[in-house]
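**Student:** The file below is my_file-v9.pdb, PDB, C-alpha atoms:
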```
MODEL        1
ATOM      1  CA  MET C   3      -1.915  -5.380  33.187
ATOM      2  CA  SER C   4      -4.618  -3.306  34.818
ATOM      3  CA  GLN C   5      -7.599  -2.648  32.581
ATOM      4  CA  ASN C   6      -8.333   0.619  34.433
ATOM      5  CA  LYS C   7      -4.925   2.120  33.708
ATOM      6  CA  PRO C   8      -3.936   2.960  30.110
ATOM      7  CA  ASN C   9      -0.755   1.158  29.071
ATOM      8  CA  ILE C  10       0.525   4.096  26.978
ATOM      9  CA  LYS C  11       0.893   7.620  28.352
ATOM     10  CA  LEU C  12       1.893  10.322  25.858
ATOM     11  CA  HIS C  13       4.104  13.021  27.398
ATOM     12  CA  SER C  14       4.941  15.140  24.344
ATOM     13  CA  LYS C  15       4.352  15.291  20.584
ATOM     14  CA  GLU C  16       6.573  17.676  18.612
ATOM     15  CA  LEU C  17       5.982  18.389  14.903
ATOM     16  CA  LEU C  18       9.324  18.027  13.068
ATOM     17  CA  SER C  19       8.090  18.294   9.475
ATOM     18  CA  ASP C  20       4.806  19.048   7.709
ATOM     19  CA  ASN C  21       5.437  18.553   4.012
ATOM     20  CA  TRP C  22       3.942  15.532   2.208
ATOM     21  CA  GLY C  23       3.070  13.949   5.546
ATOM     22  CA  LYS C  24       3.614  14.907   9.178
ATOM     23  CA  LEU C  25       6.671  13.742  11.078
ATOM     24  CA  TYR C  26       6.409  13.867  14.864
ATOM     25  CA  LYS C  27       8.868  13.279  17.695
ATOM     26  CA  VAL C  28       6.947  11.640  20.547
ATOM     27  CA  ASN C  29       7.863  10.907  24.149
ATOM     28  CA  TYR C  30       5.761   8.331  25.945
ATOM     29  CA  THR C  31       5.704   5.871  28.812
ATOM     30  CA  TYR C  32       4.665   2.249  28.276
ATOM     31  CA  LEU C  33       3.317   0.084  31.113
ATOM     32  CA  LEU C  34       4.773  -3.442  31.012
ATOM     33  CA  LYS C  35       2.995  -6.618  32.135
ATOM     34  CA  ASP C  36       4.948  -6.727  35.396
ATOM     35  CA  GLY C  37       3.671  -3.242  36.299
ATOM     36  CA  SER C  38       6.927  -1.411  35.576
ATOM     37  CA  GLU C  39       7.168   1.424  33.081
ATOM     38  CA  GLN C  40       9.524   2.157  30.200
ATOM     39  CA  SER C  41      10.034   5.623  28.691
ATOM     40  CA  HIS C  42      10.667   5.963  24.963
ATOM     41  CA  THR C  43      11.331   8.662  22.378
ATOM     42  CA  ARG C  44      10.379   7.786  18.801
ATOM     43  CA  GLU C  45       9.658   9.441  15.463
ATOM     44  CA  VAL C  46       6.205   8.777  14.007
ATOM     45  CA  TYR C  47       5.402   9.542  10.360
ATOM     46  CA  ASP C  48       1.733  10.203   9.550
ATOM     47  CA  ARG C  49       1.221  10.198   5.784
ATOM     48  CA  GLY C  50      -2.432   9.123   5.838
ATOM     49  CA  ASN C  51      -3.932   5.799   4.815
ATOM     50  CA  GLY C  52      -4.030   4.191   1.385
ATOM     51  CA  ALA C  53      -5.560   1.486  -0.766
ATOM     52  CA  VAL C  54      -4.123  -1.036  -3.227
ATOM     53  CA  ILE C  55      -5.715  -3.430  -5.715
ATOM     54  CA  LEU C  56      -4.776  -6.440  -7.824
ATOM     55  CA  LEU C  57      -6.680  -6.703 -11.108
ATOM     56  CA  TYR C  58      -6.850 -10.259 -12.429
ATOM     57  CA  ASN C  59      -8.344 -12.028 -15.449
ATOM     58  CA  LYS C  60      -9.161 -15.736 -15.012
ATOM     59  CA  ASP C  61      -9.684 -16.412 -18.721
ATOM     60  CA  LYS C  62      -6.358 -14.943 -19.786
ATOM     61  CA  GLN C  63      -4.560 -15.876 -16.521
ATOM     62  CA  THR C  64      -3.170 -12.347 -16.319
ATOM     63  CA  VAL C  65      -2.810  -9.514 -13.817
ATOM     64  CA  ILE C  66      -2.516  -5.761 -14.268
ATOM     65  CA  LEU C  67       0.454  -4.091 -12.574
ATOM     66  CA  THR C  68       2.100  -0.694 -12.962
ATOM     67  CA  LYS C  69       5.670   0.495 -13.371
ATOM     68  CA  GLN C  70       6.810   3.882 -12.121
ATOM     69  CA  LEU C  71       9.708   5.800 -10.606
ATOM     70  CA  ARG C  72      10.019   5.519  -6.810
ATOM     71  CA  ILE C  73      12.904   7.816  -5.915
ATOM     72  CA  PRO C  74      13.397   6.519  -2.324
ATOM     73  CA  THR C  75      14.307   3.094  -3.767
ATOM     74  CA  TRP C  76      16.992   4.714  -5.928
ATOM     75  CA  PHE C  77      18.605   6.040  -2.729
ATOM     76  CA  ASN C  78      18.719   2.470  -1.412
ATOM     77  CA  GLY C  79      20.248   0.520  -4.289
ATOM     78  CA  ASN C  80      17.524   0.357  -6.990
ATOM     79  CA  THR C  81      19.712   1.522  -9.886
ATOM     80  CA  ASP C  82      16.946   2.900 -12.160
ATOM     81  CA  GLY C  83      14.461   3.738  -9.385
ATOM     82  CA  LEU C  84      11.632   1.956 -11.212
ATOM     83  CA  MET C  85       9.239  -0.309  -9.316
ATOM     84  CA  ILE C  86       6.628  -2.792 -10.521
ATOM     85  CA  GLU C  87       3.581  -2.489  -8.295
ATOM     86  CA  ALA C  88      -0.114  -3.114  -7.933
ATOM     87  CA  CYS C  89      -2.230  -0.004  -8.504
ATOM     88  CA  ALA C  90      -2.434   2.054  -5.290
ATOM     89  CA  GLY C  91      -3.089   5.496  -3.896
ATOM     90  CA  MET C  92      -3.724   7.611  -0.837
ATOM     91  CA  LEU C  93      -7.280   7.854   0.507
ATOM     92  CA  ASP C  94      -7.312  11.671   0.617
ATOM     93  CA  ASP C  95     -10.373  11.698   2.928
ATOM     94  CA  LYS C  96     -12.231   9.224   0.670
ATOM     95  CA  GLU C  97     -13.533   5.785   1.594
ATOM     96  CA  PRO C  98     -11.063   3.005   0.662
ATOM     97  CA  GLU C  99     -13.268   1.501  -2.082
ATOM     98  CA  GLU C 100     -13.998   4.910  -3.614
ATOM     99  CA  CYS C 101     -10.284   5.697  -3.565
ATOM    100  CA  ILE C 102      -9.199   2.480  -5.224
ATOM    101  CA  ARG C 103     -11.806   2.766  -7.981
ATOM    102  CA  ARG C 104     -10.547   6.303  -8.753
ATOM    103  CA  GLU C 105      -6.895   5.238  -8.650
ATOM    104  CA  THR C 106      -7.572   2.248 -10.912
ATOM    105  CA  GLU C 107      -9.120   4.476 -13.575
ATOM    106  CA  GLU C 108      -6.348   7.079 -13.330
ATOM    107  CA  GLU C 109      -3.428   4.647 -13.271
ATOM    108  CA  THR C 110      -4.595   1.743 -15.436
ATOM    109  CA  GLY C 111      -7.550   3.044 -17.459
ATOM    110  CA  TYR C 112      -9.875   0.274 -16.223
ATOM    111  CA  THR C 113     -13.349   1.073 -14.867
ATOM    112  CA  LEU C 114     -14.262  -1.667 -12.414
ATOM    113  CA  THR C 115     -17.689  -3.161 -11.826
ATOM    114  CA  HIS C 116     -16.945  -4.996  -8.583
ATOM    115  CA  VAL C 117     -14.117  -4.883  -6.070
ATOM    116  CA  LYS C 118     -13.549  -7.167  -3.097
ATOM    117  CA  LYS C 119     -11.757  -6.166   0.081
ATOM    118  CA  ALA C 120      -9.082  -8.667   1.082
ATOM    119  CA  MET C 121      -7.482  -7.218   4.246
ATOM    120  CA  GLU C 122      -6.114  -4.197   6.121
ATOM    121  CA  VAL C 123      -2.370  -4.042   6.831
ATOM    122  CA  TYR C 124      -0.007  -1.743   8.747
ATOM    123  CA  MET C 125       2.823  -1.595   6.219
ATOM    124  CA  SER C 126       5.643  -0.272   8.416
ATOM    125  CA  PRO C 127       4.361  -0.185  11.994
ATOM    126  CA  GLY C 128       7.688   0.677  13.571
ATOM    127  CA  SER C 129       7.635   4.227  12.202
ATOM    128  CA  VAL C 130       4.641   4.900   9.907
ATOM    129  CA  THR C 131       0.970   5.224  10.948
ATOM    130  CA  GLU C 132      -0.401   4.150   7.537
ATOM    131  CA  ILE C 133      -3.017   1.411   7.167
ATOM    132  CA  LEU C 134      -3.258   0.034   3.643
ATOM    133  CA  TYR C 135      -6.599  -1.399   2.481
ATOM    134  CA  PHE C 136      -6.100  -4.328   0.090
ATOM    135  CA  PHE C 137      -8.577  -5.129  -2.698
ATOM    136  CA  THR C 138      -8.886  -7.512  -5.639
ATOM    137  CA  ALA C 139     -11.043  -7.212  -8.753
ATOM    138  CA  ALA C 140     -11.663  -9.257 -11.866
ATOM    139  CA  TYR C 141     -11.161  -7.329 -15.088
ATOM    140  CA  CYS C 142     -11.810  -7.878 -18.798
ATOM    141  CA  ASP C 143     -10.803  -5.970 -21.928
ATOM    142  CA  ALA C 144     -14.239  -4.292 -22.135
ATOM    143  CA  MET C 145     -13.505  -2.477 -18.854
ATOM    144  CA  LYS C 146     -10.627  -0.549 -20.450
ATOM    145  CA  THR C 147     -12.215   2.892 -20.747
ATOM    146  CA  GLY C 148      -9.098   5.071 -20.695
ATOM    147  CA  LYS C 149      -5.388   4.966 -21.356
ATOM    148  CA  GLY C 150      -4.273   5.123 -17.724
ATOM    149  CA  GLY C 151      -0.816   6.396 -16.917
ATOM    150  CA  GLY C 152      -1.755   8.457 -13.885
ATOM    151  CA  ALA C 153      -3.175  11.889 -13.167
ATOM    152  CA  ALA C 154      -1.476  14.689 -15.121
ATOM    153  CA  ASN C 155      -1.903  17.144 -12.239
ATOM    154  CA  GLU C 156       0.075  14.766  -9.991
ATOM    155  CA  GLN C 157       2.992  14.512 -12.477
ATOM    156  CA  GLU C 158       2.581  10.742 -12.636
ATOM    157  CA  ASN C 159       4.282   8.777 -15.399
ATOM    158  CA  ILE C 160       2.915   5.260 -15.007
ATOM    159  CA  GLU C 161       3.366   2.355 -17.409
ATOM    160  CA  VAL C 162       0.532  -0.197 -17.371
ATOM    161  CA  LEU C 163       1.662  -3.833 -17.508
ATOM    162  CA  GLU C 164      -0.528  -6.835 -18.306
ATOM    163  CA  LEU C 165       1.435  -9.889 -17.228
ATOM    164  CA  PRO C 166       0.767 -13.620 -17.066
ATOM    165  CA  PHE C 167       0.093 -14.452 -13.420
ATOM    166  CA  ALA C 168       2.723 -17.217 -13.486
ATOM    167  CA  ARG C 169       5.290 -14.720 -14.775
ATOM    168  CA  ALA C 170       4.419 -12.215 -12.027
ATOM    169  CA  MET C 171       4.973 -14.916  -9.407
ATOM    170  CA  GLU C 172       8.355 -15.764 -10.974
ATOM    171  CA  MET C 173       9.279 -12.069 -10.861
ATOM    172  CA  ILE C 174       8.997 -12.116  -7.063
ATOM    173  CA  THR C 175      11.580 -14.892  -6.774
ATOM    174  CA  ALA C 176      13.788 -13.246  -9.414
ATOM    175  CA  GLY C 177      13.778  -9.957  -7.505
ATOM    176  CA  GLU C 178      12.025  -8.079 -10.316
ATOM    177  CA  ILE C 179       9.041  -7.357  -8.039
ATOM    178  CA  LYS C 180      10.217  -6.048  -4.666
ATOM    179  CA  ASP C 181       7.185  -4.039  -3.573
ATOM    180  CA  ALA C 182       5.627  -5.471  -0.391
ATOM    181  CA  LYS C 183       2.005  -4.600  -1.134
ATOM    182  CA  THR C 184       2.259  -6.187  -4.579
ATOM    183  CA  ILE C 185       3.880  -9.347  -3.245
ATOM    184  CA  ILE C 186       1.159  -9.618  -0.578
ATOM    185  CA  LEU C 187      -1.610  -9.333  -3.193
ATOM    186  CA  LEU C 188       0.009 -11.779  -5.614
ATOM    187  CA  GLN C 189       0.481 -14.296  -2.786
ATOM    188  CA  HIS C 190      -3.138 -13.677  -1.715
ATOM    189  CA  ALA C 191      -4.278 -14.453  -5.271
ATOM    190  CA  LYS C 192      -2.224 -17.644  -5.296
ATOM    191  CA  ILE C 193      -3.397 -18.847  -1.862
ATOM    192  CA  ASN C 194      -7.043 -18.123  -2.670
ATOM    193  CA  ASN C 195      -6.910 -19.560  -6.217
ATOM    194  CA  LEU C 196      -8.233 -16.358  -7.775
ATOM    195  CA  LEU C 197      -6.885 -17.297 -11.182
ATOM    196  CA  ARG C 198      -8.060 -20.918 -11.311
TER
ENDMDL
END
```
Please rewrite the model in this file as C-alpha cells.
**Tutor:**
Amino acid sequence: MSQNKPNIKLHSKELLSDNWGKLYKVNYTYLLKDGSEQSHTREVYDRGNGAVILLYNKDKQTVILTKQLRIPTWFNGNTDGLMIEACAGMLDDKEPEECIRRETEEETGYTLTHVKKAMEVYMSPGSVTEILYFFTAAYCDAMKTGKGGGAANEQENIEVLELPFARAMEMITAGEIKDAKTIILLQHAKINNLLR
C-alpha cells in the first residue's frame, strides 16, 4: 500500500440523528493492499468517549460494582433490564481520570485517592466510535464519603454492590454478569493478581 496515498477516502457524511449521540451515514472508498478499491456505505454512531473503573479491596477480597436498568438489554432478551456493571460514565469533555473520579463519587459514594489506568478499548468498532478508558483503584471503607446511587439530575437509580471477588468471577460464568467492560476489568484483575 502506498504511503503517499491515503487508504480511506470519505465521499459523503450524512447526519441521520442527533439526539443522545450522532448517527451518520457515510460513503467511503477503501484502498486494498493489491491497489484495488472497494466502496462502502456504513452507519457510524458517535456517542463520545467514556471511562470505567474497577474498585477492589485486597484485605476484604471484594470489588465494588453497580446494578442499574439498561433498557437496550431488555429489548434483546434481558427480562428485567438490569445489568451488573463496573462504575462508568461519559467523558463529557473531561479528561478520563477526572471523569472516572467524578463518576465513582456519584455512582458509588467512594472518593478515591489513587487510580491506575489499565488500557484503552474500542468497545464496538464495527459501528460505534467510542473509546473506553479502563481504570482500577484500591478502596477501603474510609473512602466512602457519600451514599452513591447516581446523579439525581441524570435520573439515575443505581444500586451499589460490594461483592467477593471470587463470587464476581463466578457470576461471569453463570451469566449473571454480561457487561463486556465489567468482564474485561474483572479478568484484568485476575490476570494481574490485583486481589492477592
**Student:** When you count all atoms listed in the file, which of these residues is closest to Glu122 in chain C: C:Leu163, C:Ala53, C:Ile193, C:Val28?
**Tutor:** C:Ala53
**Student:** Starting from the PyMOL selection byres ((chain C and resi 162) around 9), expand the selection into actual residues of this file and give them as a ChimeraX atom specification.
**Tutor:** /C:66-69,109-111,149-151,160-161,163-164
**Student:** Can you turn the PyMOL selection byres ((chain C and resi 143) around 12) into a concrete residue list for this file, as a VMD selection string?
**Tutor:** chain C and resid 57 to 59 61 to 62 64 to 66 110 to 114 140 to 142 144 to 148 164
**Student:** Measure the distance from CA of Gln63 in chain C to CA of Leu93 in chain C in Å and round it to one decimal.
**Tutor:**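 One can read the CA of Gln63 in chain C to CA of Leu93 in chain C distance as 29.3 Å.
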**Student:** Quick one: which residues end up in the PyMOL selection byres ((chain C and resi 41-44) around 10) for this structure, as an NGL selection string?
**Tutor:** :C and (10-15 or 26-33 or 39-40 or 45-47 or 128-129)
**Student:** Would you save the residues from that selection as a PDB file, keeping the file's coordinate frame, using C-alpha atoms?
**Tutor:**
```
ATOM      1  CA  ILE C  10       0.525   4.096  26.978  1.00  0.00           C
ATOM      2  CA  LYS C  11       0.893   7.620  28.352  1.00  0.00           C
ATOM      3  CA  LEU C  12       1.893  10.322  25.858  1.00  0.00           C
ATOM      4  CA  HIS C  13       4.104  13.021  27.398  1.00  0.00           C
ATOM      5  CA  SER C  14       4.941  15.140  24.344  1.00  0.00           C
ATOM      6  CA  LYS C  15       4.352  15.291  20.584  1.00  0.00           C
ATOM      7  CA  TYR C  26       6.409  13.867  14.864  1.00  0.00           C
ATOM      8  CA  LYS C  27       8.868  13.279  17.695  1.00  0.00           C
ATOM      9  CA  VAL C  28       6.947  11.640  20.547  1.00  0.00           C
ATOM     10  CA  ASN C  29       7.863  10.907  24.149  1.00  0.00           C
ATOM     11  CA  TYR C  30       5.761   8.331  25.945  1.00  0.00           C
ATOM     12  CA  THR C  31       5.704   5.871  28.812  1.00  0.00           C
ATOM     13  CA  TYR C  32       4.665   2.249  28.276  1.00  0.00           C
ATOM     14  CA  LEU C  33       3.317   0.084  31.113  1.00  0.00           C
ATOM     15  CA  GLU C  39       7.168   1.424  33.081  1.00  0.00           C
ATOM     16  CA  GLN C  40       9.524   2.157  30.200  1.00  0.00           C
ATOM     17  CA  GLU C  45       9.658   9.441  15.463  1.00  0.00           C
ATOM     18  CA  VAL C  46       6.205   8.777  14.007  1.00  0.00           C
ATOM     19  CA  TYR C  47       5.402   9.542  10.360  1.00  0.00           C
ATOM     20  CA  GLY C 128       7.688   0.677  13.571  1.00  0.00           C
ATOM     21  CA  SER C 129       7.635   4.227  12.202  1.00  0.00           C
TER      22      SER C 129
END
```
**Student:** Out of C:Arg49, C:Thr75, C:Ser38, C:Val117, which residue has the shortest atom-to-atom distance to Asp20 in chain C when counting all atoms listed in the file?
**Tutor:**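 Smallest separation from Asp20 in chain C among the options: C:Arg49.
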**Student:** Using all atoms listed in the file, pick whichever of C:Arg198, C:Lys183, C:Ala88, C:Leu188 has the shortest atom-to-atom distance to Arg169 in chain C.
**Tutor:** C:Leu188
**Student:** When you count all atoms listed in the file, which of these residues is closest to Leu84 in chain C: C:Leu56, C:Ala153, C:Met125, C:Leu71?
**Tutor:**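 Comparing C:Leu56, C:Ala153, C:Met125, C:Leu71 against Leu84 in chain C, the winner is C:Leu71.
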**Student:** Find the distance between CA of Ile133 in chain C and CA of Asn51 in chain C and write it in Å to one decimal.
**Tutor:**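 We find that CA of Ile133 in chain C and CA of Asn51 in chain C lie 5.1 Å from each other.
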**Student:** Show me, as a list in words, the residues that have an atom within 10 Å of Met171 in chain C when counting all atoms listed in the file, minus same-chain residues fewer than 6 positions from it.
**Tutor:**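 Once the adjacent positions are removed, what remains is Leu165, Glu178, Ile179, Ile185, Leu188, Gln189 and Lys192 of chain C.
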**Student:** Is there a way to get, as a PyMOL selection string, all residues within 6 Å of the point (4.3, 8.6, -13.4) in file coordinates, counting only C-alpha atoms?
**Tutor:** chain C and resi 70+158-160
**Student:** Emit the selected residues as a PDB file, in the frame of the given file, including C-alpha atoms.
**Tutor:**
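again03.pdb was written with the following content:
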```
ATOM      1  CA  GLN C  70       6.810   3.882 -12.121  1.00  0.00           C
ATOM      2  CA  GLU C 158       2.581  10.742 -12.636  1.00  0.00           C
ATOM      3  CA  ASN C 159       4.282   8.777 -15.399  1.00  0.00           C
ATOM      4  CA  ILE C 160       2.915   5.260 -15.007  1.00  0.00           C
TER       5      ILE C 160
END
```
**Student:** What is the CA of Glu100 in chain C to CA of Asn195 in chain C distance in Å?
**Tutor:**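 Distance reported for this atom pair: 25.6 Å.
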**Student:** Using all atoms listed in the file, which residue out of C:His190, C:Lys96, C:Lys180, C:Lys24 lies closest to Ala120 in chain C?
**Tutor:** C:His190
**Student:** Identify, on the basis of all atoms listed in the file, every residue whose closest approach to Phe137 in chain C does not exceed 6 Å; exclude the query and any residue fewer than 5 positions from it along the same chain; express the result as a list in words.
**Tutor:**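 Residues meeting the cut-off are Ile55, Lys118, Lys119 and Ala120 of chain C.
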**Student:** Please, could N, CA and C atoms be added to range 137-173 of chain C and the result written as a PDB file, in the frame of the given file?
**Tutor:**
```pdb
ATOM      1  N   PHE C 137      -7.424  -4.704  -1.914  1.00  0.00           N
ATOM      2  CA  PHE C 137      -8.577  -5.129  -2.698  1.00  0.00           C
ATOM      3  C   PHE C 137      -8.128  -6.008  -3.867  1.00  0.00           C
ATOM      4  N   THR C 138      -9.070  -6.782  -4.387  1.00  0.00           N
ATOM      5  CA  THR C 138      -8.886  -7.512  -5.639  1.00  0.00           C
ATOM      6  C   THR C 138     -10.099  -7.242  -6.518  1.00  0.00           C
ATOM      7  N   ALA C 139      -9.924  -7.387  -7.828  1.00  0.00           N
ATOM      8  CA  ALA C 139     -11.043  -7.212  -8.753  1.00  0.00           C
ATOM      9  C   ALA C 139     -10.753  -7.952 -10.047  1.00  0.00           C
ATOM     10  N   ALA C 140     -11.773  -8.642 -10.548  1.00  0.00           N
ATOM     11  CA  ALA C 140     -11.663  -9.257 -11.866  1.00  0.00           C
ATOM     12  C   ALA C 140     -11.798  -8.162 -12.920  1.00  0.00           C
ATOM     13  N   TYR C 141     -11.048  -8.297 -13.994  1.00  0.00           N
ATOM     14  CA  TYR C 141     -11.161  -7.329 -15.088  1.00  0.00           C
ATOM     15  C   TYR C 141     -11.277  -8.072 -16.413  1.00  0.00           C
ATOM     16  N   CYS C 142     -11.795  -7.371 -17.425  1.00  0.00           N
ATOM     17  CA  CYS C 142     -11.810  -7.878 -18.798  1.00  0.00           C
ATOM     18  C   CYS C 142     -11.495  -6.712 -19.727  1.00  0.00           C
ATOM     19  N   ASP C 143     -11.210  -7.006 -20.981  1.00  0.00           N
ATOM     20  CA  ASP C 143     -10.803  -5.970 -21.928  1.00  0.00           C
ATOM     21  C   ASP C 143     -11.866  -4.893 -22.087  1.00  0.00           C
ATOM     22  N   ALA C 144     -13.147  -5.253 -21.965  1.00  0.00           N
ATOM     23  CA  ALA C 144     -14.239  -4.292 -22.135  1.00  0.00           C
ATOM     24  C   ALA C 144     -14.234  -3.211 -21.057  1.00  0.00           C
ATOM     25  N   MET C 145     -13.559  -3.462 -19.940  1.00  0.00           N
ATOM     26  CA  MET C 145     -13.505  -2.477 -18.854  1.00  0.00           C
ATOM     27  C   MET C 145     -12.452  -1.398 -19.088  1.00  0.00           C
ATOM     28  N   LYS C 146     -11.664  -1.542 -20.145  1.00  0.00           N
ATOM     29  CA  LYS C 146     -10.627  -0.549 -20.450  1.00  0.00           C
ATOM     30  C   LYS C 146     -11.310   0.658 -21.089  1.00  0.00           C
ATOM     31  N   THR C 147     -11.496   1.705 -20.285  1.00  0.00           N
ATOM     32  CA  THR C 147     -12.215   2.892 -20.747  1.00  0.00           C
ATOM     33  C   THR C 147     -11.300   4.098 -20.939  1.00  0.00           C
ATOM     34  N   GLY C 148     -10.055   3.973 -20.542  1.00  0.00           N
ATOM     35  CA  GLY C 148      -9.098   5.071 -20.695  1.00  0.00           C
ATOM     36  C   GLY C 148      -7.707   4.523 -20.898  1.00  0.00           C
ATOM     37  N   LYS C 149      -6.758   5.429 -21.100  1.00  0.00           N
ATOM     38  CA  LYS C 149      -5.388   4.966 -21.356  1.00  0.00           C
ATOM     39  C   LYS C 149      -4.594   4.718 -20.090  1.00  0.00           C
ATOM     40  N   GLY C 150      -5.037   5.278 -18.960  1.00  0.00           N
ATOM     41  CA  GLY C 150      -4.273   5.123 -17.724  1.00  0.00           C
ATOM     42  C   GLY C 150      -3.034   5.995 -17.758  1.00  0.00           C
ATOM     43  N   GLY C 151      -2.061   5.643 -16.949  1.00  0.00           N
ATOM     44  CA  GLY C 151      -0.816   6.396 -16.917  1.00  0.00           C
ATOM     45  C   GLY C 151      -0.701   7.373 -15.775  1.00  0.00           C
ATOM     46  N   GLY C 152      -1.797   7.568 -15.041  1.00  0.00           N
ATOM     47  CA  GLY C 152      -1.755   8.457 -13.885  1.00  0.00           C
ATOM     48  C   GLY C 152      -2.395   9.799 -14.154  1.00  0.00           C
ATOM     49  N   ALA C 153      -2.558  10.563 -13.088  1.00  0.00           N
ATOM     50  CA  ALA C 153      -3.175  11.889 -13.167  1.00  0.00           C
ATOM     51  C   ALA C 153      -2.124  12.917 -13.570  1.00  0.00           C
ATOM     52  N   ALA C 154      -2.422  13.689 -14.613  1.00  0.00           N
ATOM     53  CA  ALA C 154      -1.476  14.689 -15.121  1.00  0.00           C
ATOM     54  C   ALA C 154      -1.144  15.733 -14.058  1.00  0.00           C
ATOM     55  N   ASN C 155      -2.137  16.110 -13.257  1.00  0.00           N
ATOM     56  CA  ASN C 155      -1.903  17.144 -12.239  1.00  0.00           C
ATOM     57  C   ASN C 155      -1.034  16.647 -11.090  1.00  0.00           C
ATOM     58  N   GLU C 156      -0.790  15.332 -11.023  1.00  0.00           N
ATOM     59  CA  GLU C 156       0.075  14.766  -9.991  1.00  0.00           C
ATOM     60  C   GLU C 156       1.452  14.403 -10.550  1.00  0.00           C
ATOM     61  N   GLN C 157       1.721  14.782 -11.796  1.00  0.00           N
ATOM     62  CA  GLN C 157       2.992  14.512 -12.477  1.00  0.00           C
ATOM     63  C   GLN C 157       3.351  13.026 -12.431  1.00  0.00           C
ATOM     64  N   GLU C 158       2.342  12.186 -12.621  1.00  0.00           N
ATOM     65  CA  GLU C 158       2.581  10.742 -12.636  1.00  0.00           C
ATOM     66  C   GLU C 158       2.962  10.302 -14.042  1.00  0.00           C
ATOM     67  N   ASN C 159       3.849   9.347 -14.125  1.00  0.00           N
ATOM     68  CA  ASN C 159       4.282   8.777 -15.399  1.00  0.00           C
ATOM     69  C   ASN C 159       4.285   7.266 -15.216  1.00  0.00           C
ATOM     70  N   ILE C 160       3.120   6.657 -15.372  1.00  0.00           N
ATOM     71  CA  ILE C 160       2.915   5.260 -15.007  1.00  0.00           C
ATOM     72  C   ILE C 160       2.739   4.404 -16.259  1.00  0.00           C
ATOM     73  N   GLU C 161       3.514   3.337 -16.329  1.00  0.00           N
ATOM     74  CA  GLU C 161       3.366   2.355 -17.409  1.00  0.00           C
ATOM     75  C   GLU C 161       2.457   1.235 -16.913  1.00  0.00           C
ATOM     76  N   VAL C 162       1.466   0.871 -17.723  1.00  0.00           N
ATOM     77  CA  VAL C 162       0.532  -0.197 -17.371  1.00  0.00           C
ATOM     78  C   VAL C 162       1.052  -1.507 -17.949  1.00  0.00           C
ATOM     79  N   LEU C 163       1.149  -2.525 -17.095  1.00  0.00           N
ATOM     80  CA  LEU C 163       1.662  -3.833 -17.508  1.00  0.00           C
ATOM     81  C   LEU C 163       0.564  -4.886 -17.363  1.00  0.00           C
ATOM     82  N   GLU C 164       0.333  -5.653 -18.399  1.00  0.00           N
ATOM     83  CA  GLU C 164      -0.528  -6.835 -18.306  1.00  0.00           C
ATOM     84  C   GLU C 164       0.394  -8.047 -18.404  1.00  0.00           C
ATOM     85  N   LEU C 165       0.479  -8.791 -17.309  1.00  0.00           N
ATOM     86  CA  LEU C 165       1.435  -9.889 -17.228  1.00  0.00           C
ATOM     87  C   LEU C 165       0.740 -11.212 -16.955  1.00  0.00           C
ATOM     88  N   PRO C 166       1.266 -12.315 -17.493  1.00  0.00           N
ATOM     89  CA  PRO C 166       0.767 -13.620 -17.066  1.00  0.00           C
ATOM     90  C   PRO C 166       0.987 -13.769 -15.560  1.00  0.00           C
ATOM     91  N   PHE C 167      -0.002 -14.308 -14.872  1.00  0.00           N
ATOM     92  CA  PHE C 167       0.093 -14.452 -13.420  1.00  0.00           C
ATOM     93  C   PHE C 167       1.316 -15.287 -13.044  1.00  0.00           C
ATOM     94  N   ALA C 168       1.566 -16.361 -13.782  1.00  0.00           N
ATOM     95  CA  ALA C 168       2.723 -17.217 -13.486  1.00  0.00           C
ATOM     96  C   ALA C 168       4.018 -16.427 -13.605  1.00  0.00           C
ATOM     97  N   ARG C 169       4.088 -15.550 -14.593  1.00  0.00           N
ATOM     98  CA  ARG C 169       5.290 -14.720 -14.775  1.00  0.00           C
ATOM     99  C   ARG C 169       5.446 -13.748 -13.603  1.00  0.00           C
ATOM    100  N   ALA C 170       4.358 -13.143 -13.164  1.00  0.00           N
ATOM    101  CA  ALA C 170       4.419 -12.215 -12.027  1.00  0.00           C
ATOM    102  C   ALA C 170       4.933 -12.918 -10.781  1.00  0.00           C
ATOM    103  N   MET C 171       4.485 -14.155 -10.562  1.00  0.00           N
ATOM    104  CA  MET C 171       4.973 -14.916  -9.407  1.00  0.00           C
ATOM    105  C   MET C 171       6.472 -15.212  -9.536  1.00  0.00           C
ATOM    106  N   GLU C 172       6.929 -15.524 -10.739  1.00  0.00           N
ATOM    107  CA  GLU C 172       8.355 -15.764 -10.974  1.00  0.00           C
ATOM    108  C   GLU C 172       9.172 -14.497 -10.713  1.00  0.00           C
ATOM    109  N   MET C 173       8.582 -13.347 -11.019  1.00  0.00           N
ATOM    110  CA  MET C 173       9.279 -12.069 -10.861  1.00  0.00           C
ATOM    111  C   MET C 173       9.547 -11.744  -9.387  1.00  0.00           C
TER     112      MET C 173
END
```
